[in-house]
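Colleague: Attaching a single structure in structure tokens format; questions to follow.
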Amino acid sequence: MIRINEHYTKLKASFLFADIASRVAEFQKNNPEREIIRLGIGDVTEPLPPACVAAFHEGVDEMASSATFRGYGPEQGYPFLREAIAKNDFHSRGANIEADEIFVSDGSKCDTGNFQELFARDITVAIPDPVYPVYLDTNVMAGRTGIHENGRYNGIRYLEGSWENGFIPPLPEDPVDLIYLCFPNNPTGATIDIKGLQAWVDYAHKEGALILYDAAYESFIRDDELPHTIYEIDGAKEVAVEFRSFSKSAGFTGTRCAFTVVPKAARVFDANGQKLLLYDFWKRRHTTKFNGVSYPVQKVAAAVYTPEGQAQTRALVDDYLENARLIVAGMTDLDYDCIGGINAPYIWIRSDADSWRFFDLLLEKAGVVCTPGIGFGRCGEGCIRISAFNSRENVAKALAQIKTALAG
């Protein structure tokens, strides 16, 4: 008989954003006249930049002619895109990442979820709390945890964030093997400086660990003192993999394109402690299980790196950052503590109520959808996340409605 992977039964009943969608749908069913403003999930609302739209048309036109039609492309991505990424995102910041160390994919969610397949089941995994749920759930699916109780899975080393440490978790006290980090952080919007990130790289060298570094929101960094890539840090190429996405920087949530950087110097170990090259294993996995992002979409991604694309995407991100600034100002005026919203599109807000209660309050009284902090981990209890991804008009309206709801 066919048997299920029973590790899936350990997962909580549903994914966080499915829970939110269900509650919102129920509210709309019972209140069909109410307008809902969604500041919950990190989905962009503004259209693709004009340079990207033009490139999309060009790519589709090429696919419409037998002379320029393309079938299967290289699984790692077309050289024109990988070379543009290497030059603009890494060489420009003094990071010696080469084009063939870049793997183009259809999303960082997929890559951060899939990367753990390369590692032994019995490794020790360190995951921040609060955290983007995909890091945790995919390790549960892989069988690296025990059961879920008291808000946590047995077998995971949780790196606790708090208001006292600015939601930048401390280094583990004991050795771990695999470390997930995300900066600018999802969900808290916290950022890490060069000194702080150097400490993690040094720890990984000391313990023989590997860092999976999610930099999906690096385009929101405006502080010149903050690193945009972990490869600005000495020694990072040996101990870190980096994930990037065009979703938020260029509006690709529906277009789907991202990339993962696996330096050829990155090392892992076999059961005997023999050093191996991680690059070879990820390349084998990627080329076996993935047939590549479509040619027109890669053309669109490459357009991001043109002078026009750079100006347009920066303006797009600046617009969301202004939304974030307004949200921080509005919630601060209401005497709520906030983290994020500067160098990040997310605002992490502390409330007096538990997370789901505050979520329900904003939904029912203000018609605003946020994300309950408890959905990101036990350390998120008593907090909510508000996203800056919406129109200026909707953000202003949401803040006005929140002010009225909380004042009442």
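Ligands are numbered from 1 in the order shown, residues from 1 within each chain, and chains are lettered A, B, ... in the order they appear in the structure tokens.
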For Phe115 of chain A, list every protein, DNA or RNA residue within 12 Å, evaluated using only C-alpha atoms, and leave out those in the same chain fewer than 2 positions away; present the list as a count of residues only.

Modeller: 37

Colleague: Using DSSP assignments from the backbone, pull out every residue in segment 176-215 of chain A that falls under strand (DSSP E) and give it to me as a list in words.

Modeller: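 So the strand (DSSP E) residues in segment 176-215 of chain A would be Leu178, Ile179, Tyr180, Leu181, Cys182, Leu210, Ile211, Leu212, Tyr213 and Asp214 of chain A.
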
Colleague: Considering only C-alpha atoms, give me a table of residues in segment 283-379 of chain A that are at most 9 Å from segment 27-34 of chain A, with the closest atom pair and distance in Å for each, as a Markdown table.

Modeller:
```
| residue | atom | partner | partner_atom | distance |
| --- | --- | --- | --- | --- |
| A:Leu363 | CA | A:Phe27 | CA | 8.1 |
| A:Glu364 | CA | A:Phe27 | CA | 7.7 |
| A:Gly367 | CA | A:Arg34 | CA | 7.0 |
```

Colleague: Create the file for the chosen residues now, containing C-alpha atoms and written as a PDB file, in the first residue's frame.

Modeller:
```pdb
ATOM      1  CA  LEU A 363     -10.052  43.636  10.819  1.00  0.00           C
ATOM      2  CA  GLU A 364     -13.426  44.134  12.510  1.00  0.00           C
ATOM      3  CA  GLY A 367     -11.268  46.903   8.012  1.00  0.00           C
TER       4      GLY A 367
END
```

Colleague: Which one is closest to Ser247 of chain A: A:Met1, A:Val317, A:Val60, A:Ala51? Count only C-alpha atoms.

Modeller: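 Comparing A:Met1, A:Val317, A:Val60, A:Ala51 against Ser247 of chain A, the winner is A:Val317.
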
Colleague: May I ask which of the residues A:Cys383, A:Glu238, A:Glu218, A:Leu362 is the closest one to Lys206 of chain A, counting only C-alpha atoms?

Modeller: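 Among the listed residues, A:Glu238 lies closest to Lys206 of chain A.
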
Colleague: Please measure the separation of atom CA of Leu321 of chain A and atom CA of Ser162 of chain A, giving the value in Å to one decimal.

Modeller: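 Atom CA of Ser162 of chain A lies 23.6 Å from atom CA of Leu321 of chain A.
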
Colleague: Have a look at A:Gly235, A:Pro187, A:Pro170, A:Gly94 and name the one nearest to Ile349 of chain A; count only C-alpha atoms.

Modeller: A:Pro187

Colleague: Go through A:Val369, A:Val300, A:Leu399, A:Ala344 and flag the residue nearest Leu48 of chain A, using only C-alpha atoms for the distances.

Modeller: A:Val300

Colleague: Please list as a count of residues only every residue within 10 Å of Lys264 of chain A, counting only C-alpha atoms and excluding residues in the same chain fewer than 6 positions away.

Modeller: 10

Colleague: Mind the document's chain letters and residue numbers, and return as a PyMOL selection string the residues of segment 140-300 of chain A that DSSP labels alpha helix (DSSP H).

Modeller: chain A and resi 140-141+194-207+236-239+247-250+278-289+295-300

Colleague: Print the selection's residues with N, CA and C atoms to a file, as a CSV table (one decimal), in the first residue's frame.

Modeller:
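Generated output (out.csv):
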```
chain,number,residue,atom,x,y,z
A,140,VAL,N,10.5,20.5,9.0
A,140,VAL,CA,9.6,19.6,9.6
A,140,VAL,C,9.2,18.5,8.6
A,141,MET,N,8.9,18.9,7.3
A,141,MET,CA,8.6,17.9,6.3
A,141,MET,C,9.7,16.9,6.0
A,194,ILE,N,27.5,45.3,9.7
A,194,ILE,CA,28.6,44.5,9.2
A,194,ILE,C,29.2,43.8,10.4
A,195,LYS,N,29.3,44.4,11.6
A,195,LYS,CA,29.9,43.8,12.7
A,195,LYS,C,29.1,42.6,13.2
A,196,GLY,N,27.8,42.8,13.2
A,196,GLY,CA,26.9,41.8,13.7
A,196,GLY,C,26.9,40.6,12.7
A,197,LEU,N,26.9,40.8,11.4
A,197,LEU,CA,26.9,39.7,10.4
A,197,LEU,C,28.3,39.0,10.4
A,198,GLN,N,29.4,39.8,10.7
A,198,GLN,CA,30.7,39.2,10.8
A,198,GLN,C,30.8,38.1,11.9
A,199,ALA,N,30.1,38.4,13.0
A,199,ALA,CA,30.0,37.5,14.1
A,199,ALA,C,29.4,36.2,13.7
A,200,TRP,N,28.4,36.2,12.9
A,200,TRP,CA,27.7,35.0,12.4
A,200,TRP,C,28.6,34.2,11.5
A,201,VAL,N,29.3,34.9,10.6
A,201,VAL,CA,30.3,34.2,9.7
A,201,VAL,C,31.4,33.6,10.5
A,202,ASP,N,31.9,34.3,11.5
A,202,ASP,CA,33.0,33.8,12.3
A,202,ASP,C,32.5,32.5,13.0
A,203,TYR,N,31.3,32.6,13.6
A,203,TYR,CA,30.7,31.4,14.3
A,203,TYR,C,30.6,30.2,13.3
A,204,ALA,N,30.2,30.4,12.1
A,204,ALA,CA,30.0,29.3,11.1
A,204,ALA,C,31.4,28.7,10.8
A,205,HIS,N,32.4,29.5,10.7
A,205,HIS,CA,33.8,29.0,10.5
A,205,HIS,C,34.2,28.1,11.7
A,206,LYS,N,34.0,28.6,12.9
A,206,LYS,CA,34.4,28.0,14.1
A,206,LYS,C,33.7,26.6,14.2
A,207,GLU,N,32.4,26.5,13.9
A,207,GLU,CA,31.6,25.3,14.2
A,207,GLU,C,31.5,24.4,13.0
A,236,ALA,N,32.8,35.0,4.2
A,236,ALA,CA,31.5,34.5,3.9
A,236,ALA,C,31.3,33.5,2.8
A,237,LYS,N,32.2,33.6,1.8
A,237,LYS,CA,32.0,32.7,0.6
A,237,LYS,C,32.2,31.2,1.0
A,238,GLU,N,33.0,31.0,2.1
A,238,GLU,CA,33.2,29.6,2.5
A,238,GLU,C,32.0,29.0,3.3
A,239,VAL,N,31.2,29.9,3.9
A,239,VAL,CA,30.2,29.4,4.9
A,239,VAL,C,28.8,29.9,4.6
A,247,SER,N,11.0,39.9,-6.6
A,247,SER,CA,9.5,40.0,-6.3
A,247,SER,C,9.2,41.4,-5.7
A,248,LYS,N,9.9,41.8,-4.7
A,248,LYS,CA,9.6,43.1,-4.1
A,248,LYS,C,10.3,44.3,-4.7
A,249,SER,N,11.5,44.1,-5.2
A,249,SER,CA,12.3,45.2,-5.8
A,249,SER,C,11.7,45.6,-7.1
A,250,ALA,N,11.1,44.7,-7.9
A,250,ALA,CA,10.7,45.0,-9.2
A,250,ALA,C,9.2,44.6,-9.5
A,278,LEU,N,30.0,22.4,-1.7
A,278,LEU,CA,28.5,22.5,-1.8
A,278,LEU,C,28.0,22.8,-3.2
A,279,TYR,N,28.7,23.6,-3.9
A,279,TYR,CA,28.3,24.0,-5.3
A,279,TYR,C,28.0,22.8,-6.2
A,280,ASP,N,28.7,21.8,-6.1
A,280,ASP,CA,28.5,20.6,-7.0
A,280,ASP,C,27.2,20.0,-6.6
A,281,PHE,N,26.8,19.9,-5.4
A,281,PHE,CA,25.6,19.3,-4.9
A,281,PHE,C,24.4,20.1,-5.3
A,282,TRP,N,24.4,21.4,-5.1
A,282,TRP,CA,23.3,22.2,-5.5
A,282,TRP,C,23.1,22.3,-7.0
A,283,LYS,N,24.2,22.3,-7.7
A,283,LYS,CA,24.1,22.3,-9.2
A,283,LYS,C,23.4,21.0,-9.7
A,284,ARG,N,23.8,19.9,-9.1
A,284,ARG,CA,23.2,18.6,-9.4
A,284,ARG,C,21.7,18.6,-9.1
A,285,ARG,N,21.3,19.1,-7.9
A,285,ARG,CA,19.9,19.1,-7.6
A,285,ARG,C,19.1,20.1,-8.5
A,286,HIS,N,19.7,21.3,-8.7
A,286,HIS,CA,19.0,22.3,-9.5
A,286,HIS,C,18.8,21.8,-10.9
A,287,THR,N,19.8,21.3,-11.5
A,287,THR,CA,19.6,20.9,-12.9
A,287,THR,C,18.8,19.6,-13.1
A,288,THR,N,18.7,18.8,-12.0
A,288,THR,CA,17.9,17.6,-12.1
A,288,THR,C,16.4,17.9,-11.9
A,289,LYS,N,16.1,18.8,-11.0
A,289,LYS,CA,14.7,19.1,-10.6
A,289,LYS,C,14.1,20.4,-11.2
A,295,TYR,N,12.3,32.2,-20.9
A,295,TYR,CA,13.1,33.2,-21.5
A,295,TYR,C,12.5,34.6,-21.4
A,296,PRO,N,11.3,34.9,-21.7
A,296,PRO,CA,10.7,36.3,-21.6
A,296,PRO,C,10.9,36.8,-20.2
A,297,VAL,N,10.7,36.0,-19.1
A,297,VAL,CA,10.8,36.5,-17.8
A,297,VAL,C,12.3,36.8,-17.4
A,298,GLN,N,13.2,36.0,-17.9
A,298,GLN,CA,14.6,36.4,-17.7
A,298,GLN,C,15.0,37.7,-18.4
A,299,LYS,N,14.4,37.9,-19.6
A,299,LYS,CA,14.6,39.2,-20.3
A,299,LYS,C,14.1,40.3,-19.4
A,300,VAL,N,12.9,40.1,-18.8
A,300,VAL,CA,12.4,41.1,-17.9
A,300,VAL,C,13.3,41.4,-16.7
```

Colleague: With only C-alpha atoms as the counted atoms, please give the residues lying no more than 12 Å from Gly42 of chain A, apart from itself and same-chain residues fewer than 2 positions off, as a PyMOL selection string.

Modeller: chain A and resi 17+38-40+44-45+132+186-187+189+216-217+247-249+251-253+320+344-347+369-371+385-390

Colleague: Identify which of the residues A:Leu226, A:Ile374, A:Ile179, A:Ile168 lies closest to Ile127 of chain A, counting only C-alpha atoms when measuring atom-to-atom distances.

Modeller: A:Ile179

Colleague: Show which residues sit within 10 Å of Glu322 of chain A, as a compact mmCIF listing (two decimals) with C-alpha atoms, in the first residue's frame. Count only C-alpha atoms, and ignore same-chain residues fewer than 3 positions away.

Modeller:
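Saved to around.txt:
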```txt
# COMPACT_ATOMS: atom_id res chain seq x y z
CA VAL A 317 11.01 50.77 -3.69
CA ASP A 318 11.21 54.37 -2.46
CA ASP A 319 7.44 54.62 -2.81
CA ARG A 325 7.58 55.68 7.08
CA LEU A 326 3.97 56.82 7.28
CA ILE A 327 2.90 53.60 9.02
CA VAL A 328 5.69 53.90 11.62
CA GLY A 341 9.92 50.40 8.37
CA ILE A 342 13.40 51.85 7.82
CA PRO A 345 9.05 47.23 3.98
CA ALA A 388 3.97 48.71 3.33
CA ARG A 392 -0.39 55.56 -0.81
```

Colleague: I'd like the interatomic distance between atom CA of Lys12 of chain A and atom CA of Gly375 of chain A, to a tenth of an Å.

Modeller: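 Computing the Euclidean distance for atom CA of Lys12 of chain A and atom CA of Gly375 of chain A yields 10.6 Å.
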